[in-house]
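Each remark here refers to the structure printed beneath this line.
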Amino acid sequence: MSTTLPSLFVSHGSPMLAVEPGRTGPLLNQIGQYLPRPKAIVVVSPHWSTQTPRVGNLLKQKVIHDFGGFPSQLYTLDYPATGAPDLAMRIVALLQDAGLPAQTDDSWGLDHGSWVPLRYLYPQADIPVLQLSLQPQMPPAYHYRVGQLLAPLAKEGVLLIGSGSFTHNLRELQRNAAESDGSDSAPHTLQFLHWFLQQMEAGKLQALLDYRTSAPHAVRNHPTDEHLLTLFFAMGAADDWTRLQHLDTGSTYHSLRMDAFAFGSGAALLTPLTAAA
């Protein structure tokens, strides 16, 4: 593969995204079409949290419907991809060589942070995929480092994805609000987004890593930050995170921002999508 794949951060929002694609679903589908076909996919989701890194090593993936109180249709959805046990062992070795106590794990599978966006990115479920667990007690710099450790995989055709939500305060959601292009997003979410974009444009990595004390309304947008930690994984996984494309898909429920980012030299492949936004 001549072009290094970009790393991705995607907002998976509510599980309802699986049946209500809105603007996000078509955008994710286009991303999958514009990128070179990956040999395998690694997803970090905030919904698999462990004290130390765990790498899914199932031969055949299983979908986890890790939510309750949603329409019955959601519980019938599947994503019948194969796993990637050999890649799982490679990831464990990369992390262990850096001193992280990583190990394989066959108890999980794909939670909705993985299979919901993957159903749009690669709807045929014909690319091997595995999930890497998140350590929510660790700071952004740790997750950035984990991404750096796995960055060499992108040159081998492995797509590295951090799945989360650019803003994630469930107490402020307006459940009856229609999906938006972002023009009527909650003001505090837009201020948060604009701060991030400014720091990214200026290449200010340390400011971004310290966002919780520097960004406007950081704690309001993320009372706990597991849904944003995966962004830092994606940044670290890029060959050059400052070469990025911001994919604005607006918001759902007024305050749930659905932004996506592509990082690295391969992000230029998605320029037509940002130009059309």
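Naming scheme: A, B, ... for chains in displayed order of the structure tokens; residues 1 onward per chain; ligands 1 onward as shown.
If you count only C-alpha atoms and ignore residues fewer than 5 places along the chain from stretch 98-106 of chain A, what sits within 9 Å of it is A:Thr52, A:Pro53, A:Arg54, A:Val55, A:Gly56, A:Asn57, A:Leu58, A:Leu59, A:Pro85, A:Ala88, A:Met89, A:Ile91, A:Val92, A:Ala93, A:Leu149.
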Could you list, as a list in words, every residue within 8 Å of stretch 207-212 of chain A, counting only C-alpha atoms and ignoring same-chain residues fewer than 4 positions away?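 In the requested form, the answer reads Pro140, Ala141, Phe196, Gln199, Met200, Ala218, Val219 and Phe232 of chain A.
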At a cut-off of 8 Å, can you tabulate as JSON lines every residue of stretch 179-229 of chain A near stretch 133-138 of chain A together with its closest atom pair and the distance in Å to one decimal, using only C-alpha atoms and ordering rows by chain then number?
{"residue": "A:Asp225", "atom": "CA", "partner": "A:Pro136", "partner_atom": "CA", "distance": 7.5}
{"residue": "A:Glu226", "atom": "CA", "partner": "A:Pro136", "partner_atom": "CA", "distance": 5.4}
{"residue": "A:Leu229", "atom": "CA", "partner": "A:Pro136", "partner_atom": "CA", "distance": 7.6}
Tell me which of A:Ala268, A:Ile31, A:Ala186, A:Leu150 sits closest to A:Leu256, counting only C-alpha atoms. A:Ala186
Name the residues in contact with A:Leu77 at a cut-off of 10 Å, using only C-alpha atoms, excluding same-chain residues fewer than 2 positions from it; report them as a list in words. Ala18, Val19, Val63, Ile64, His65, Ser72, Gln73, Leu74, Tyr75, Tyr79, Pro80, Trp115, Val116 and Arg119 of chain A
Take the selection from the previous step and output its residues with N, CA, C and O atoms, as an mmCIF file, in the first residue's frame.
data_model
loop_
_atom_site.group_PDB
_atom_site.id
_atom_site.type_symbol
_atom_site.label_atom_id
_atom_site.label_comp_id
_atom_site.auth_asym_id
_atom_site.auth_seq_id
_atom_site.Cartn_x
_atom_site.Cartn_y
_atom_site.Cartn_z
ATOM 1 N N ALA A 18 -27.322 3.618 14.831
ATOM 2 C CA ALA A 18 -27.359 2.389 14.028
ATOM 3 C C ALA A 18 -28.573 2.335 13.115
ATOM 4 O O ALA A 18 -28.518 1.709 12.041
ATOM 5 N N VAL A 19 -29.670 2.969 13.509
ATOM 6 C CA VAL A 19 -30.895 2.924 12.697
ATOM 7 C C VAL A 19 -31.341 4.311 12.255
ATOM 8 O O VAL A 19 -32.290 4.440 11.479
ATOM 9 N N VAL A 63 -20.980 -9.503 18.454
ATOM 10 C CA VAL A 63 -21.530 -8.177 18.714
ATOM 11 C C VAL A 63 -22.110 -8.139 20.121
ATOM 12 O O VAL A 63 -22.827 -9.054 20.540
ATOM 13 N N ILE A 64 -21.793 -7.068 20.835
ATOM 14 C CA ILE A 64 -22.309 -6.861 22.184
ATOM 15 C C ILE A 64 -23.310 -5.721 22.133
ATOM 16 O O ILE A 64 -22.986 -4.614 21.705
ATOM 17 N N HIS A 65 -24.534 -5.988 22.558
ATOM 18 C CA HIS A 65 -25.561 -4.949 22.619
ATOM 19 C C HIS A 65 -25.526 -4.378 24.046
ATOM 20 O O HIS A 65 -26.344 -4.730 24.900
ATOM 21 N N SER A 72 -36.445 -2.515 20.009
ATOM 22 C CA SER A 72 -36.041 -3.913 19.858
ATOM 23 C C SER A 72 -35.207 -4.151 18.607
ATOM 24 O O SER A 72 -34.374 -5.077 18.565
ATOM 25 N N GLN A 73 -35.399 -3.328 17.598
ATOM 26 C CA GLN A 73 -34.655 -3.496 16.350
ATOM 27 C C GLN A 73 -33.145 -3.470 16.577
ATOM 28 O O GLN A 73 -32.387 -4.197 15.922
ATOM 29 N N LEU A 74 -32.710 -2.642 17.511
ATOM 30 C CA LEU A 74 -31.279 -2.504 17.752
ATOM 31 C C LEU A 74 -30.650 -3.809 18.215
ATOM 32 O O LEU A 74 -29.485 -4.094 17.924
ATOM 33 N N TYR A 75 -31.420 -4.610 18.920
ATOM 34 C CA TYR A 75 -30.864 -5.828 19.509
ATOM 35 C C TYR A 75 -30.787 -6.980 18.506
ATOM 36 O O TYR A 75 -30.288 -8.059 18.835
ATOM 37 N N TYR A 79 -22.796 -7.549 13.238
ATOM 38 C CA TYR A 79 -21.668 -7.154 12.397
ATOM 39 C C TYR A 79 -20.736 -8.365 12.343
ATOM 40 O O TYR A 79 -19.803 -8.487 13.139
ATOM 41 N N PRO A 80 -21.002 -9.284 11.415
ATOM 42 C CA PRO A 80 -20.343 -10.599 11.425
ATOM 43 C C PRO A 80 -18.939 -10.607 10.830
ATOM 44 O O PRO A 80 -18.636 -11.371 9.909
ATOM 45 N N TRP A 115 -19.157 -1.509 16.599
ATOM 46 C CA TRP A 115 -19.948 -2.040 15.493
ATOM 47 C C TRP A 115 -20.916 -1.020 14.891
ATOM 48 O O TRP A 115 -21.230 -1.109 13.690
ATOM 49 N N VAL A 116 -21.363 -0.046 15.662
ATOM 50 C CA VAL A 116 -22.275 0.946 15.073
ATOM 51 C C VAL A 116 -21.577 1.754 13.975
ATOM 52 O O VAL A 116 -22.062 1.806 12.840
ATOM 53 N N ARG A 119 -20.614 -0.421 10.840
ATOM 54 C CA ARG A 119 -21.696 -0.786 9.924
ATOM 55 C C ARG A 119 -21.861 0.245 8.813
ATOM 56 O O ARG A 119 -22.388 -0.071 7.740
#
Residues within 8 Å of stretch 158-165 of chain A, only C-alpha atoms, excluding chain neighbours under 4 positions, as an NGL selection string: :A and (5-13 or 38-46 or 113-114 or 153-154 or 226-231 or 233-234 or 237 or 256-259)
Pick the closest to A:Pro36 from A:Phe67, A:Phe192, A:Tyr122, A:Trp48: which is it, counting only C-alpha atoms?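 Of A:Phe67, A:Phe192, A:Tyr122, A:Trp48, the one nearest A:Pro36, counting only C-alpha atoms, is A:Tyr122.
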Please report, as a PyMOL selection string, each residue of stretch 46-248 of chain A to which DSSP assigns alpha helix (DSSP H) when run on this structure's backbone. chain A and resi 85-97+112-121+140-150+187-202+205-209+211-214+218-221+226-236
Could those selected residues go to a file with C-alpha atoms, as a compact mmCIF listing (two decimals), in the first residue's frame?
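So result_36.txt came out as:
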# COMPACT_ATOMS: atom_id res chain seq x y z
CA PRO A 85 -5.78 -13.02 16.46
CA ASP A 86 -2.36 -12.68 14.81
CA LEU A 87 -2.69 -8.89 14.84
CA ALA A 88 -3.81 -9.04 18.47
CA MET A 89 -0.58 -10.81 19.39
CA ARG A 90 1.42 -8.22 17.46
CA ILE A 91 -0.29 -5.38 19.34
CA VAL A 92 0.36 -7.06 22.67
CA ALA A 93 4.04 -7.35 21.76
CA LEU A 94 4.27 -3.68 20.74
CA LEU A 95 2.70 -2.57 24.01
CA GLN A 96 4.66 -4.97 26.18
CA ASP A 97 7.93 -3.90 24.57
CA HIS A 112 -21.62 -0.45 20.09
CA GLY A 113 -18.72 1.98 20.05
CA SER A 114 -17.21 -0.29 17.40
CA TRP A 115 -19.95 -2.04 15.49
CA VAL A 116 -22.28 0.95 15.07
CA PRO A 117 -19.79 3.12 13.14
CA LEU A 118 -18.30 0.08 11.39
CA ARG A 119 -21.70 -0.79 9.92
CA TYR A 120 -21.44 2.50 8.01
CA LEU A 121 -17.70 2.57 7.35
CA PRO A 140 -4.78 12.01 27.52
CA ALA A 141 -0.98 11.79 27.25
CA TYR A 142 -1.12 8.08 28.04
CA HIS A 143 -3.63 7.41 25.27
CA TYR A 144 -1.61 9.53 22.86
CA ARG A 145 1.39 7.32 23.70
CA VAL A 146 -0.59 4.12 23.10
CA GLY A 147 -1.49 5.48 19.69
CA GLN A 148 2.17 6.23 18.98
CA LEU A 149 3.11 2.67 19.84
CA LEU A 150 0.63 1.29 17.31
CA PRO A 187 -23.17 27.30 22.44
CA HIS A 188 -20.86 25.71 25.00
CA THR A 189 -20.24 22.76 22.67
CA LEU A 190 -19.33 25.07 19.79
CA GLN A 191 -16.92 27.06 21.97
CA PHE A 192 -15.30 23.78 22.97
CA LEU A 193 -15.01 22.67 19.34
CA HIS A 194 -13.59 25.99 18.16
CA TRP A 195 -10.94 25.92 20.88
CA PHE A 196 -9.88 22.43 19.79
CA LEU A 197 -9.70 23.45 16.16
CA GLN A 198 -7.60 26.50 17.01
CA GLN A 199 -5.11 24.45 19.03
CA MET A 200 -4.94 21.81 16.32
CA GLU A 201 -4.33 24.39 13.61
CA ALA A 202 -1.50 25.86 15.70
CA LEU A 205 -0.10 19.36 21.40
CA GLN A 206 0.50 20.15 25.07
CA ALA A 207 -2.50 22.47 25.22
CA LEU A 208 -4.66 19.74 23.75
CA LEU A 209 -3.36 17.15 26.18
CA TYR A 211 -7.60 20.40 27.56
CA ARG A 212 -9.37 19.63 30.81
CA THR A 213 -7.85 22.68 32.46
CA SER A 214 -7.50 24.83 29.33
CA ALA A 218 -14.26 21.13 29.22
CA VAL A 219 -15.83 19.48 32.26
CA ARG A 220 -19.32 20.53 31.22
CA ASN A 221 -18.88 18.85 27.84
CA GLU A 226 -13.56 8.50 28.39
CA HIS A 227 -15.44 9.48 25.21
CA LEU A 228 -12.72 11.99 24.28
CA LEU A 229 -9.66 9.97 25.31
CA THR A 230 -9.99 8.00 22.10
CA LEU A 231 -9.33 11.22 20.16
CA PHE A 232 -5.85 11.36 21.66
CA PHE A 233 -5.27 7.72 20.73
CA ALA A 234 -6.11 8.62 17.13
CA MET A 235 -3.80 11.64 17.21
CA GLY A 236 -0.91 9.57 18.50
Identify, with DSSP run on backbone atoms, the residues in stretch 24-246 of chain A assigned to strand (DSSP E), and express the list as JSON, numbers by chain. {"A": [40, 41, 42, 43, 44, 45, 46, 47, 48, 49, 54, 55, 56, 103, 104, 105, 129, 130, 131, 132, 133, 134, 158, 159, 160, 161, 162, 163, 164, 244, 245, 246]}
What does the distance between atom CA of A:Gln131 and atom CA of A:Gly109 come to in Å, to one decimal place? 7.0 Å
Do you know which residues are at most 6 Å from A:Leu244 counting only C-alpha atoms, after dropping those on the same chain fewer than 5 positions away, and could you put them as a PyMOL selection string? chain A and resi 262-264+267
Looking at only C-alpha atoms, which of A:Ser49, A:Ser265, A:Ser14, A:Thr271 is the one that sits closest to A:Arg243?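 Of all the options, A:Ser265 lies closest to A:Arg243.
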For A:Gln33, which residue out of A:Leu132, A:Leu270, A:Ile127, A:Leu17 is the nearest one, using only C-alpha atoms?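 Of all the options, A:Leu270 lies closest to A:Gln33.
When only C-alpha atoms are used to compute distances to A:Thr50, the closest of the residues A:Phe70, A:Trp108, A:Lys62, A:His246 turns out to be A:Trp108.
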